[in-house]
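A.B. asks: Input file: structure19.txt. Contents: compact mmCIF, C-alpha atoms.
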```
# COMPACT_ATOMS: atom_id res chain seq x y z
CA MET A 1 0.00 0.00 0.00
CA SER A 2 1.19 3.54 -0.70
CA ASP A 3 2.57 5.73 2.07
CA ALA A 4 0.13 7.83 4.11
CA VAL A 5 2.15 10.98 3.34
CA ARG A 6 3.53 11.60 -0.12
CA LEU A 7 4.95 14.24 -2.43
CA GLN A 8 4.51 13.11 -6.00
CA LEU A 9 4.39 14.29 -9.59
CA GLU A 10 1.53 12.05 -10.65
CA ASP A 11 -2.17 12.41 -9.87
CA PHE A 12 -3.90 10.29 -7.21
CA SER A 13 -7.22 8.50 -6.91
CA GLN A 14 -9.44 9.57 -4.05
CA ASP A 15 -11.16 6.21 -4.00
CA GLU A 16 -7.78 4.52 -3.48
CA GLU A 17 -6.70 6.97 -0.81
CA VAL A 18 -9.95 6.55 1.08
CA ARG A 19 -9.72 2.77 0.78
CA ALA A 20 -6.22 2.89 2.27
CA LEU A 21 -7.35 5.25 5.04
CA ARG A 22 -10.26 3.05 5.92
CA ALA A 23 -8.18 -0.12 5.94
CA SER A 24 -6.57 1.11 9.16
CA SER A 25 -9.75 0.70 11.24
CA GLN A 26 -13.30 -0.57 10.99
CA ARG A 27 -14.32 1.86 13.68
CA MET A 28 -14.13 4.81 11.31
CA GLY A 29 -17.53 6.51 11.18
CA GLY A 30 -16.52 9.87 9.70
CA ILE A 31 -13.95 10.83 7.08
CA ALA A 32 -13.33 14.46 6.20
CA ILE A 33 -11.42 15.26 3.05
CA PHE A 34 -10.02 18.44 1.62
CA LEU A 35 -9.08 18.49 -2.03
CA GLY A 36 -7.22 21.50 -3.35
CA CYS A 37 -7.24 21.97 -7.09
CA ALA A 38 -5.84 24.32 -9.67
CA ARG A 39 -8.25 27.06 -10.64
CA ASP A 40 -8.11 28.57 -14.12
CA PHE A 41 -8.61 32.01 -12.71
CA SER A 42 -6.79 33.76 -9.90
CA GLU A 43 -6.85 37.42 -8.91
CA GLY A 44 -8.39 38.38 -12.22
CA ARG A 45 -5.89 36.58 -14.49
CA ASP A 46 -6.31 33.39 -16.48
CA VAL A 47 -4.05 30.65 -15.18
CA CYS A 48 -3.05 27.83 -17.52
CA GLU A 49 -0.73 25.90 -15.27
CA ILE A 50 0.62 25.89 -11.77
CA GLY A 51 4.23 24.96 -11.06
CA PHE A 52 5.59 23.89 -7.69
CA ASP A 53 8.95 24.16 -6.07
CA ALA A 54 9.63 22.40 -2.77
CA TYR A 55 12.38 21.83 -0.27
CA ARG A 56 11.51 18.18 -0.54
CA PRO A 57 13.11 16.49 2.49
CA MET A 58 11.84 19.17 4.85
CA ALA A 59 8.41 19.34 3.18
CA LEU A 60 7.99 15.60 3.59
CA ALA A 61 9.16 15.69 7.21
CA GLU A 62 6.77 18.58 7.97
CA LEU A 63 3.87 16.71 6.38
CA GLU A 64 4.69 13.60 8.41
CA ARG A 65 4.79 15.71 11.56
CA LEU A 66 1.52 17.43 10.62
CA ARG A 67 -0.17 14.06 10.20
CA ALA A 68 1.18 12.74 13.52
CA GLU A 69 0.14 15.92 15.33
CA ALA A 70 -3.36 15.78 13.85
CA ILE A 71 -3.80 12.13 14.83
CA GLU A 72 -2.73 12.94 18.37
CA ARG A 73 -4.56 16.22 18.77
CA PHE A 74 -7.92 15.09 17.34
CA SER A 75 -7.74 11.38 18.34
CA LEU A 76 -7.95 10.34 14.71
CA LEU A 77 -7.93 6.71 13.66
CA ASP A 78 -5.83 7.64 10.63
CA ALA A 79 -4.91 10.50 8.30
CA ARG A 80 -3.36 10.87 4.86
CA ILE A 81 -1.76 13.75 2.97
CA VAL A 82 -0.73 13.75 -0.69
CA HIS A 83 0.71 16.87 -2.36
CA ARG A 84 1.64 17.03 -6.01
CA LEU A 85 4.79 18.67 -7.32
CA GLY A 86 5.94 19.47 -10.84
CA THR A 87 3.42 21.25 -13.02
CA VAL A 88 -0.35 20.81 -12.98
CA ARG A 89 -2.99 22.21 -15.30
CA ALA A 90 -6.20 24.12 -14.54
CA GLY A 91 -8.69 21.72 -12.99
CA ASP A 92 -6.05 19.26 -11.78
CA ASN A 93 -5.67 18.01 -8.24
CA ILE A 94 -3.00 19.67 -6.10
CA VAL A 95 -3.43 18.39 -2.58
CA PHE A 96 -5.45 15.69 -0.84
CA ILE A 97 -5.94 15.63 2.93
CA ALA A 98 -8.08 13.07 4.72
CA ALA A 99 -8.87 12.59 8.40
CA GLY A 100 -10.72 9.54 9.70
CA ALA A 101 -12.27 9.34 13.15
CA GLU A 102 -15.01 7.46 14.96
CA HIS A 103 -17.29 10.50 14.70
CA ARG A 104 -17.61 13.41 12.32
CA ALA A 105 -16.64 16.39 14.48
CA PRO A 106 -12.97 15.47 15.08
CA ALA A 107 -12.57 14.36 11.45
CA LEU A 108 -13.89 17.69 10.14
CA GLU A 109 -11.85 19.74 12.60
CA ALA A 110 -8.64 17.81 11.93
CA CYS A 111 -9.04 18.16 8.17
CA ARG A 112 -9.39 21.90 8.46
CA TRP A 113 -6.48 22.14 10.87
CA MET A 114 -4.20 20.14 8.56
CA ILE A 115 -4.86 22.24 5.45
CA ASP A 116 -4.49 25.48 7.43
CA GLU A 117 -1.20 24.29 8.94
CA LEU A 118 0.07 22.92 5.63
CA LYS A 119 -0.40 26.33 4.06
CA GLU A 120 1.53 27.94 6.91
CA ARG A 121 4.49 25.69 7.38
CA VAL A 122 5.21 23.20 4.63
CA PRO A 123 8.05 24.47 2.38
CA ILE A 124 6.30 24.33 -0.99
CA TRP A 125 5.94 27.32 -3.31
CA LYS A 126 3.39 27.75 -6.07
CA LYS A 127 3.87 29.63 -9.34
CA GLU A 128 0.99 30.62 -11.61
CA ILE A 129 1.74 30.30 -15.28
CA THR A 130 -0.49 32.51 -17.42
CA PRO A 131 -0.50 33.27 -21.17
CA THR A 132 1.47 36.43 -20.44
CA GLY A 133 4.06 35.16 -17.97
CA GLU A 134 4.53 33.51 -14.63
CA SER A 135 4.50 34.70 -11.06
CA TRP A 136 4.96 33.19 -7.62
CA VAL A 137 1.86 33.16 -5.50
CA THR A 138 2.00 35.53 -2.56
CA PRO A 139 0.21 33.94 0.36
CA HIS A 140 -2.44 36.04 2.02
CA PRO A 141 -1.42 36.71 5.61
CA MET B 142 -24.28 12.70 -15.62
CA SER B 143 -25.85 11.54 -12.36
CA ASP B 144 -27.97 13.92 -10.27
CA ALA B 145 -26.24 16.13 -7.71
CA VAL B 146 -28.55 14.85 -4.97
CA ARG B 147 -29.44 11.18 -4.76
CA LEU B 148 -30.86 8.49 -2.48
CA GLN B 149 -29.69 5.12 -3.71
CA LEU B 150 -29.18 1.50 -2.73
CA GLU B 151 -25.87 1.06 -4.52
CA ASP B 152 -22.46 2.35 -3.53
CA PHE B 153 -20.86 5.40 -5.20
CA SER B 154 -17.41 6.32 -6.43
CA GLN B 155 -15.86 9.39 -4.88
CA ASP B 156 -13.68 9.95 -7.91
CA GLU B 157 -16.80 10.09 -10.10
CA GLU B 158 -18.66 12.38 -7.72
CA VAL B 159 -15.72 14.75 -7.52
CA ARG B 160 -15.33 14.70 -11.30
CA ALA B 161 -19.01 15.64 -11.66
CA LEU B 162 -18.70 18.36 -9.01
CA ARG B 163 -15.68 19.83 -10.67
CA ALA B 164 -17.23 19.79 -14.13
CA SER B 165 -19.49 22.63 -13.02
CA SER B 166 -16.68 25.18 -12.80
CA GLN B 167 -12.97 25.56 -13.50
CA ARG B 168 -12.77 28.19 -10.80
CA MET B 169 -13.02 25.61 -8.05
CA GLY B 170 -9.94 25.86 -5.84
CA GLY B 171 -11.18 24.00 -2.76
CA ILE B 172 -13.41 20.97 -2.36
CA ALA B 173 -14.43 19.72 1.08
CA ILE B 174 -15.91 16.28 1.41
CA PHE B 175 -17.53 14.42 4.24
CA LEU B 176 -17.87 10.69 3.96
CA GLY B 177 -19.92 8.87 6.56
CA CYS B 178 -19.38 5.15 6.84
CA ALA B 179 -20.69 2.21 8.81
CA ARG B 180 -18.58 1.41 11.85
CA ASP B 181 -18.39 -2.14 13.14
CA PHE B 182 -18.66 -0.92 16.69
CA SER B 183 -21.15 1.41 18.28
CA GLU B 184 -21.83 2.14 21.95
CA GLY B 185 -19.93 -0.98 22.95
CA ARG B 186 -21.72 -3.46 20.68
CA ASP B 187 -20.51 -5.10 17.49
CA VAL B 188 -22.49 -3.96 14.50
CA CYS B 189 -22.69 -6.20 11.44
CA GLU B 190 -25.01 -4.20 9.28
CA ILE B 191 -26.90 -0.94 9.22
CA GLY B 192 -30.38 -0.71 7.77
CA PHE B 193 -32.08 2.48 6.67
CA ASP B 194 -35.66 3.55 6.49
CA ALA B 195 -36.59 6.82 4.80
CA TYR B 196 -39.59 8.93 3.92
CA ARG B 197 -38.16 9.07 0.44
CA PRO B 198 -39.95 11.94 -1.31
CA MET B 199 -39.49 14.26 1.66
CA ALA B 200 -35.89 13.11 2.26
CA LEU B 201 -34.98 13.86 -1.34
CA ALA B 202 -36.72 17.24 -1.24
CA GLU B 203 -34.95 18.14 2.02
CA LEU B 204 -31.58 17.14 0.56
CA GLU B 205 -32.24 19.27 -2.54
CA ARG B 206 -33.16 22.19 -0.31
CA LEU B 207 -30.07 21.63 1.85
CA ARG B 208 -27.85 21.73 -1.22
CA ALA B 209 -29.51 24.89 -2.57
CA GLU B 210 -29.26 26.60 0.81
CA ALA B 211 -25.59 25.67 1.17
CA ILE B 212 -24.77 26.98 -2.31
CA GLU B 213 -26.51 30.25 -1.52
CA ARG B 214 -25.26 30.68 2.04
CA PHE B 215 -21.59 29.84 1.39
CA SER B 216 -21.37 31.08 -2.24
CA LEU B 217 -20.42 27.62 -3.42
CA LEU B 218 -19.74 26.84 -7.06
CA ASP B 219 -21.44 23.47 -6.62
CA ALA B 220 -22.39 20.82 -4.06
CA ARG B 221 -23.41 17.17 -4.13
CA ILE B 222 -25.10 14.84 -1.63
CA VAL B 223 -25.52 11.08 -1.98
CA HIS B 224 -27.13 9.00 0.78
CA ARG B 225 -27.47 5.24 0.61
CA LEU B 226 -30.58 3.36 1.67
CA GLY B 227 -31.29 -0.35 2.08
CA THR B 228 -28.72 -2.25 4.14
CA VAL B 229 -24.98 -1.61 4.32
CA ARG B 230 -22.24 -3.60 6.00
CA ALA B 231 -19.54 -2.51 8.41
CA GLY B 232 -16.99 -0.44 6.53
CA ASP B 233 -19.39 0.54 3.75
CA ASN B 234 -20.14 4.06 2.64
CA ILE B 235 -23.33 5.65 3.94
CA VAL B 236 -23.27 9.30 2.93
CA PHE B 237 -21.18 11.51 0.67
CA ILE B 238 -21.30 15.30 0.89
CA ALA B 239 -19.11 17.57 -1.20
CA ALA B 240 -18.86 21.36 -1.36
CA GLY B 241 -16.79 23.14 -4.01
CA ALA B 242 -15.81 26.81 -3.79
CA GLU B 243 -13.14 29.14 -5.10
CA HIS B 244 -11.34 29.00 -1.77
CA ARG B 245 -11.07 26.50 1.03
CA ALA B 246 -12.83 28.25 3.93
CA PRO B 247 -16.36 28.36 2.46
CA ALA B 248 -15.99 24.80 1.12
CA LEU B 249 -15.01 23.46 4.55
CA GLU B 250 -17.70 25.43 6.36
CA ALA B 251 -20.43 24.43 3.93
CA CYS B 252 -19.49 20.76 4.15
CA ARG B 253 -19.75 20.81 7.90
CA TRP B 254 -23.03 22.73 7.79
CA MET B 255 -24.56 20.26 5.35
CA ILE B 256 -23.75 17.13 7.35
CA ASP B 257 -24.91 18.79 10.58
CA GLU B 258 -28.19 19.87 8.97
CA LEU B 259 -28.68 16.52 7.26
CA LYS B 260 -28.48 14.79 10.61
CA GLU B 261 -31.07 17.17 12.05
CA ARG B 262 -33.69 17.37 9.37
CA VAL B 263 -33.60 14.74 6.66
CA PRO B 264 -36.18 12.00 7.35
CA ILE B 265 -33.91 8.96 7.33
CA TRP B 266 -33.65 6.48 10.21
CA LYS B 267 -30.78 4.12 10.91
CA LYS B 268 -31.01 0.68 12.52
CA GLU B 269 -27.99 -1.19 13.85
CA ILE B 270 -28.08 -4.91 13.23
CA THR B 271 -25.89 -6.86 15.66
CA PRO B 272 -25.40 -10.59 16.21
CA THR B 273 -27.92 -10.40 19.07
CA GLY B 274 -30.65 -8.27 17.51
CA GLU B 275 -31.38 -4.93 15.99
CA SER B 276 -32.11 -1.48 17.33
CA TRP B 277 -32.88 1.94 15.95
CA VAL B 278 -30.19 4.52 16.52
CA THR B 279 -31.15 7.21 18.99
CA PRO B 280 -29.64 10.49 17.85
CA HIS B 281 -27.63 12.37 20.41
CA PRO B 282 -29.30 15.71 21.09
CA MET C 283 -59.28 9.65 3.01
CA ILE C 284 -56.19 10.81 4.91
CA LYS C 285 -53.07 8.66 4.58
CA VAL C 286 -50.89 8.36 7.68
CA LEU C 287 -47.39 6.94 7.19
CA PHE C 288 -44.93 5.61 9.76
CA PHE C 289 -41.19 5.06 9.38
CA GLY C 290 -38.28 3.71 11.38
CA PRO C 291 -38.80 3.22 15.11
CA VAL C 292 -42.33 4.66 15.01
CA ALA C 293 -43.37 2.12 12.35
CA ASP C 294 -41.88 -0.68 14.45
CA ARG C 295 -43.90 0.36 17.49
CA VAL C 296 -47.13 0.90 15.54
CA GLY C 297 -46.56 -2.41 13.76
CA LEU C 298 -47.79 -0.84 10.52
CA ARG C 299 -46.32 1.46 7.91
CA GLN C 300 -49.58 3.01 6.77
CA ILE C 301 -53.03 3.74 8.17
CA GLU C 302 -55.96 5.39 6.45
CA VAL C 303 -58.22 7.75 8.35
CA PRO C 304 -61.57 8.89 6.93
CA PHE C 305 -61.66 12.49 5.77
CA ARG C 306 -64.21 15.00 7.04
CA ASP C 307 -64.43 18.73 6.45
CA GLY C 308 -62.30 20.72 8.85
CA LEU C 309 -60.17 17.76 9.94
CA CYS C 310 -56.74 18.92 11.16
CA TRP C 311 -53.53 16.93 11.76
CA GLN C 312 -53.91 17.40 15.51
CA ASP C 313 -57.32 15.67 15.29
CA VAL C 314 -55.66 12.71 13.56
CA ARG C 315 -52.98 12.60 16.22
CA ASP C 316 -55.63 12.76 18.98
CA VAL C 317 -57.28 9.67 17.48
CA LEU C 318 -54.10 7.64 16.93
CA GLN C 319 -52.01 8.52 19.98
CA PRO C 320 -54.21 6.63 22.53
CA GLN C 321 -54.08 3.55 20.27
CA TYR C 322 -50.28 3.65 19.88
CA PRO C 323 -48.97 5.45 22.96
CA GLU C 324 -45.49 3.88 22.78
CA ALA C 325 -45.05 4.89 19.17
CA PHE C 326 -46.26 8.44 19.77
CA ALA C 327 -43.90 8.78 22.74
CA LEU C 328 -41.16 8.94 20.07
CA VAL C 329 -42.86 11.46 17.78
CA SER C 330 -41.15 14.82 17.64
CA VAL C 331 -41.99 16.14 14.18
CA THR C 332 -45.10 15.99 12.01
CA ALA C 333 -45.09 16.40 8.25
CA VAL C 334 -48.11 17.07 6.08
CA ASN C 335 -47.74 16.43 2.35
CA GLY C 336 -43.95 16.16 2.74
CA GLU C 337 -43.50 19.45 4.57
CA ARG C 338 -42.69 19.80 8.25
CA VAL C 339 -45.70 21.46 9.85
CA ARG C 340 -45.19 24.81 11.49
CA ASP C 341 -48.79 25.49 12.40
CA ASP C 342 -50.41 24.61 15.72
CA GLY C 343 -52.17 21.60 14.22
CA HIS C 344 -55.48 23.32 13.57
CA THR C 345 -55.18 24.17 9.87
CA PRO C 346 -57.79 22.10 7.99
CA LEU C 347 -56.42 19.28 5.82
CA ALA C 348 -57.44 18.64 2.22
CA ASP C 349 -58.91 15.26 1.35
CA GLY C 350 -56.08 12.91 0.30
CA ALA C 351 -53.49 14.59 2.52
CA GLU C 352 -50.49 12.54 3.65
CA ILE C 353 -49.42 12.84 7.29
CA VAL C 354 -46.20 11.46 8.78
CA PHE C 355 -45.59 11.36 12.52
CA MET C 356 -41.80 11.12 12.81
CA SER C 357 -39.31 10.37 15.55
CA ARG C 358 -35.97 12.21 15.59
CA VAL C 359 -34.11 11.43 12.41
CA SER C 360 -30.82 9.52 12.49
CA GLY C 361 -29.51 9.49 8.92
CA GLY C 362 -26.00 10.31 7.80
CA MET D 363 31.62 23.78 3.60
CA ILE D 364 28.13 25.12 4.32
CA LYS D 365 25.46 24.49 1.68
CA VAL D 366 22.89 27.26 1.19
CA LEU D 367 19.75 26.37 -0.81
CA PHE D 368 17.16 28.63 -2.39
CA PHE D 369 13.65 27.74 -3.54
CA GLY D 370 10.69 29.38 -5.24
CA PRO D 371 10.68 33.16 -5.46
CA VAL D 372 13.92 33.46 -3.48
CA ALA D 373 15.74 31.19 -5.95
CA ASP D 374 14.39 33.24 -8.84
CA ARG D 375 15.71 36.47 -7.34
CA VAL D 376 19.09 35.00 -6.39
CA GLY D 377 19.33 33.41 -9.83
CA LEU D 378 20.79 30.27 -8.24
CA ARG D 379 19.42 27.30 -6.34
CA GLN D 380 22.57 26.55 -4.36
CA ILE D 381 25.59 28.39 -3.00
CA GLU D 382 28.48 27.01 -0.97
CA VAL D 383 30.03 29.05 1.81
CA PRO D 384 33.34 28.07 3.41
CA PHE D 385 33.08 26.65 6.91
CA ARG D 386 34.98 28.10 9.85
CA ASP D 387 34.73 27.27 13.54
CA GLY D 388 31.97 29.17 15.28
CA LEU D 389 30.17 30.16 12.06
CA CYS D 390 26.43 30.78 12.70
CA TRP D 391 23.52 31.03 10.26
CA GLN D 392 23.22 34.74 10.96
CA ASP D 393 26.85 35.18 9.81
CA VAL D 394 25.97 33.44 6.54
CA ARG D 395 22.94 35.66 6.12
CA ASP D 396 25.04 38.76 6.83
CA VAL D 397 27.38 37.76 3.99
CA LEU D 398 24.67 36.91 1.45
CA GLN D 399 22.01 39.53 2.14
CA PRO D 400 24.03 42.51 0.76
CA GLN D 401 24.73 40.50 -2.41
CA TYR D 402 21.06 39.54 -2.96
CA PRO D 403 19.03 42.26 -1.23
CA GLU D 404 15.90 41.68 -3.35
CA ALA D 405 15.89 37.96 -2.60
CA PHE D 406 16.43 38.48 1.12
CA ALA D 407 13.61 41.02 1.23
CA LEU D 408 11.33 37.97 0.81
CA VAL D 409 12.98 35.80 3.45
CA SER D 410 10.83 35.14 6.48
CA VAL D 411 12.00 31.76 7.74
CA THR D 412 15.40 30.10 7.99
CA ALA D 413 15.92 26.36 8.20
CA VAL D 414 19.12 24.60 9.26
CA ASN D 415 19.42 20.93 8.36
CA GLY D 416 15.73 20.77 7.52
CA GLU D 417 14.49 22.28 10.77
CA ARG D 418 13.07 25.74 11.17
CA VAL D 419 15.52 27.66 13.37
CA ARG D 420 14.23 28.95 16.66
CA ASP D 421 17.51 30.33 17.98
CA ASP D 422 18.68 33.91 17.52
CA GLY D 423 21.09 32.90 14.77
CA HIS D 424 24.16 32.63 16.96
CA THR D 425 24.33 28.86 17.56
CA PRO D 426 27.49 27.55 15.85
CA LEU D 427 26.93 25.44 12.75
CA ALA D 428 28.58 22.08 12.11
CA ASP D 429 30.67 21.68 8.96
CA GLY D 430 28.43 20.39 6.17
CA ALA D 431 25.31 22.10 7.50
CA GLU D 432 22.51 22.92 5.04
CA ILE D 433 20.83 26.31 5.36
CA VAL D 434 17.68 27.42 3.54
CA PHE D 435 16.49 31.01 3.53
CA MET D 436 12.78 30.77 2.70
CA SER D 437 10.03 33.14 1.69
CA ARG D 438 6.49 32.54 2.98
CA VAL D 439 5.30 29.19 1.74
CA SER D 440 2.37 28.91 -0.67
CA GLY D 441 1.67 25.22 -1.09
CA GLY D 442 -1.69 23.52 -0.89
```
Reformat the file's structure so that it appears as structure tokens.
C.D. replies:
Amino acid sequence: MSDAVRLQLEDFSQDEEVRALRASSQRMGGIAIFLGCARDFSEGRDVCEIGFDAYRPMALAELERLRAEAIERFSLLDARIVHRLGTVRAGDNIVFIAAGAEHRAPALEACRWMIDELKERVPIWKKEITPTGESWVTPHP
Amino acid sequence: MSDAVRLQLEDFSQDEEVRALRASSQRMGGIAIFLGCARDFSEGRDVCEIGFDAYRPMALAELERLRAEAIERFSLLDARIVHRLGTVRAGDNIVFIAAGAEHRAPALEACRWMIDELKERVPIWKKEITPTGESWVTPHP
Amino acid sequence: MIKVLFFGPVADRVGLRQIEVPFRDGLCWQDVRDVLQPQYPEAFALVSVTAVNGERVRDDGHTPLADGAEIVFMSRVSGG
Amino acid sequence: MIKVLFFGPVADRVGLRQIEVPFRDGLCWQDVRDVLQPQYPEAFALVSVTAVNGERVRDDGHTPLADGAEIVFMSRVSGG
């Protein structure tokens, strides 16, 4: 089975990720998932592609830590995080985060916490590639 | 393409549901999903199967209304709700809720709102079938 | 004729999924409940919501029903 | 030798993804920054976090580095 935390160029299947998540426990009653995808429109400009740069070893370690912290903090049964690198096109998947718990509230809270934390602390940078040029995304504070 | 709101006996594919959700707009940057599934363990008893009873026409109308309200209230680009009926086994999917928005916050909030509201107002009843008998689930207030 | 439907735990306690009640002018859902509740007290102990023609009722139970109306006396829902 | 890496917008402004700085006893990450910042002021204007050997630094920049250490001067991340 694939690792629970991955950085990868290729796309992923949600059905497969959820199957893997669920395999960890039959007590899982609620699974919350966040799926980030590439929009074709950002701040008024058309975006054709999004490119990623990452400090890979640290990004992977931070994601592993994020997952472990979420499991501990929200008493999850399991969690998974997949982030794509390379270049993706408008409409493509970028990030998949799933939290599984016995009940829905901790799953939903953990999912939100993980995507918020990921956007704060995982060393990955996103570049929007438009018909007229490219520019790094400036995160909103 | 399948309807955005459905009550059905058969299982569903998340990949297909997300593909259908996303087809409605290329501006979708965040998709939040809640997946409810049958646990094999509830309140200290082993659960083999879960059976559903529903006031179908009203349940479907309430789900349609829930989706429309969520789209309006959270400015979603699209939303989908699938709830299974009949009998499901431990580990099976029960309900799928997805909210797609330009950004993550409204998607996550809408997803949570929809599952909370569904559990309050959609006329579906759940029965746990254990090796020693069956009993209707009493919702926690 | 007024159709009364039962689902889930209420249906189990009534032992039926459907009952028909004769229509008369001015009949209200509270009248129907007043007739059925003494016959099925255990079932009605669970009832927390009433729906008429697929809509949760918000009136006090004294709006006259039309002939052919469908009433559902429901316990707290537990889907999801 | 100390390895300094750049990513994303910082790498674009430096024009390089990696620089090597000679090691000397007692060298700290703040010393490395003090050497590089005047050479790449536009890149360092974006820097908000420093990592040493893959860990975000929490010291004041005056803990001595080991030879072979890897430093990354990072702008605010924008993944997800």
A.B. asks: Identify all chain B residues at most 6 Å from chain C by counting all atoms listed in the file; ligands do not count. Present them as a PyMOL selection string.
C.D. replies: chain B and resi 194+199+236+260+264-267+280
A.B. asks: Grab the CA of Arg340 (chain C) to CA of Ala202 (chain B) distance for me, in Å with one decimal place.
C.D. replies: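 Going from CA of Arg340 (chain C) over to CA of Ala202 (chain B) covers 17.1 Å.
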A.B. asks: Identify the residues within 12 Å of coordinate (-16.8, 21.0, -14.1) (same frame as the file), considering all atoms listed in the file, and give the answer as a PDB file with C-alpha atoms, in the frame of the given file.
C.D. replies:
```
ATOM      1  CA  CYS A  37      -7.240  21.970  -7.090  1.00  0.00           C
ATOM      2  CA  ARG A  39      -8.250  27.060 -10.640  1.00  0.00           C
ATOM      3  CA  ASP A  40      -8.110  28.570 -14.120  1.00  0.00           C
ATOM      4  CA  ALA A  90      -6.200  24.120 -14.540  1.00  0.00           C
ATOM      5  CA  GLY A  91      -8.690  21.720 -12.990  1.00  0.00           C
ATOM      6  CA  ASP A  92      -6.050  19.260 -11.780  1.00  0.00           C
TER       7      ASP A  92
ATOM      8  CA  MET B 142     -24.280  12.700 -15.620  1.00  0.00           C
ATOM      9  CA  GLU B 157     -16.800  10.090 -10.100  1.00  0.00           C
ATOM     10  CA  GLU B 158     -18.660  12.380  -7.720  1.00  0.00           C
ATOM     11  CA  VAL B 159     -15.720  14.750  -7.520  1.00  0.00           C
ATOM     12  CA  ARG B 160     -15.330  14.700 -11.300  1.00  0.00           C
ATOM     13  CA  ALA B 161     -19.010  15.640 -11.660  1.00  0.00           C
ATOM     14  CA  LEU B 162     -18.700  18.360  -9.010  1.00  0.00           C
ATOM     15  CA  ARG B 163     -15.680  19.830 -10.670  1.00  0.00           C
ATOM     16  CA  ALA B 164     -17.230  19.790 -14.130  1.00  0.00           C
ATOM     17  CA  SER B 165     -19.490  22.630 -13.020  1.00  0.00           C
ATOM     18  CA  SER B 166     -16.680  25.180 -12.800  1.00  0.00           C
ATOM     19  CA  GLN B 167     -12.970  25.560 -13.500  1.00  0.00           C
ATOM     20  CA  ARG B 168     -12.770  28.190 -10.800  1.00  0.00           C
ATOM     21  CA  MET B 169     -13.020  25.610  -8.050  1.00  0.00           C
ATOM     22  CA  GLY B 170      -9.940  25.860  -5.840  1.00  0.00           C
ATOM     23  CA  LEU B 218     -19.740  26.840  -7.060  1.00  0.00           C
ATOM     24  CA  ASP B 219     -21.440  23.470  -6.620  1.00  0.00           C
ATOM     25  CA  ALA B 220     -22.390  20.820  -4.060  1.00  0.00           C
ATOM     26  CA  GLY B 241     -16.790  23.140  -4.010  1.00  0.00           C
ATOM     27  CA  ALA B 242     -15.810  26.810  -3.790  1.00  0.00           C
TER      28      ALA B 242
END
```
A.B. asks: At what distance in Å, to one decimal, does CA of Ile353 (chain C) lie from CA of Gln321 (chain C)?
C.D. replies: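 Between CA of Gln321 (chain C) and CA of Ile353 (chain C) the gap is 16.6 Å.
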A.B. asks: Could you list, as a ChimeraX atom specification, every residue within 12 Å of Ile97 (chain A), counting all atoms listed in the file and ignoring same-chain residues fewer than 4 positions away?
C.D. replies: /A:4-6,12,14,17-18,21,31-37,63,66-67,70,78-84,93,107-108,110-118 /B:171-175 /D:442
A.B. asks: I'd like the contact shell of region 390-392 of chain D - 8 Å cut-off, all atoms listed in the file, skipping same-chain residues fewer than 2 positions apart - returned as a list of chain:residue names.
C.D. replies: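 Skipping anything fewer than 2 positions along the chain leaves D:Gly388, D:Val394, D:Arg395, D:Asp396, D:Val414, D:Gly423, D:His424, D:Thr425, D:Pro426, D:Leu427, D:Ile433.
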A.B. asks: With C-alpha atoms retained, write the just-selected residues as a JSON list (two decimals), in the coordinates of the input.
C.D. replies:
```
[["chain", "number", "residue", "atom", "x", "y", "z"],
["D", 388, "GLY", "CA", 31.97, 29.17, 15.28],
["D", 394, "VAL", "CA", 25.97, 33.44, 6.54],
["D", 395, "ARG", "CA", 22.94, 35.66, 6.12],
["D", 396, "ASP", "CA", 25.04, 38.76, 6.83],
["D", 414, "VAL", "CA", 19.12, 24.60, 9.26],
["D", 423, "GLY", "CA", 21.09, 32.90, 14.77],
["D", 424, "HIS", "CA", 24.16, 32.63, 16.96],
["D", 425, "THR", "CA", 24.33, 28.86, 17.56],
["D", 426, "PRO", "CA", 27.49, 27.55, 15.85],
["D", 427, "LEU", "CA", 26.93, 25.44, 12.75],
["D", 433, "ILE", "CA", 20.83, 26.31, 5.36]]
```
A.B. asks: Restricting the calculation to all atoms listed in the file, which member of B:Ala195, B:Ala209, B:Leu226, B:Leu217 is positioned closest to Ala246 (chain B)?
C.D. replies: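 So, comparing all the options, the nearest one is B:Leu217.
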A.B. asks: Mind giving me the straight-line distance from CA of Pro106 (chain A) to CA of Gly274 (chain B) in Å, one decimal?
C.D. replies: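 Spanning CA of Pro106 (chain A) to CA of Gly274 (chain B) is a straight-line distance of 29.7 Å.
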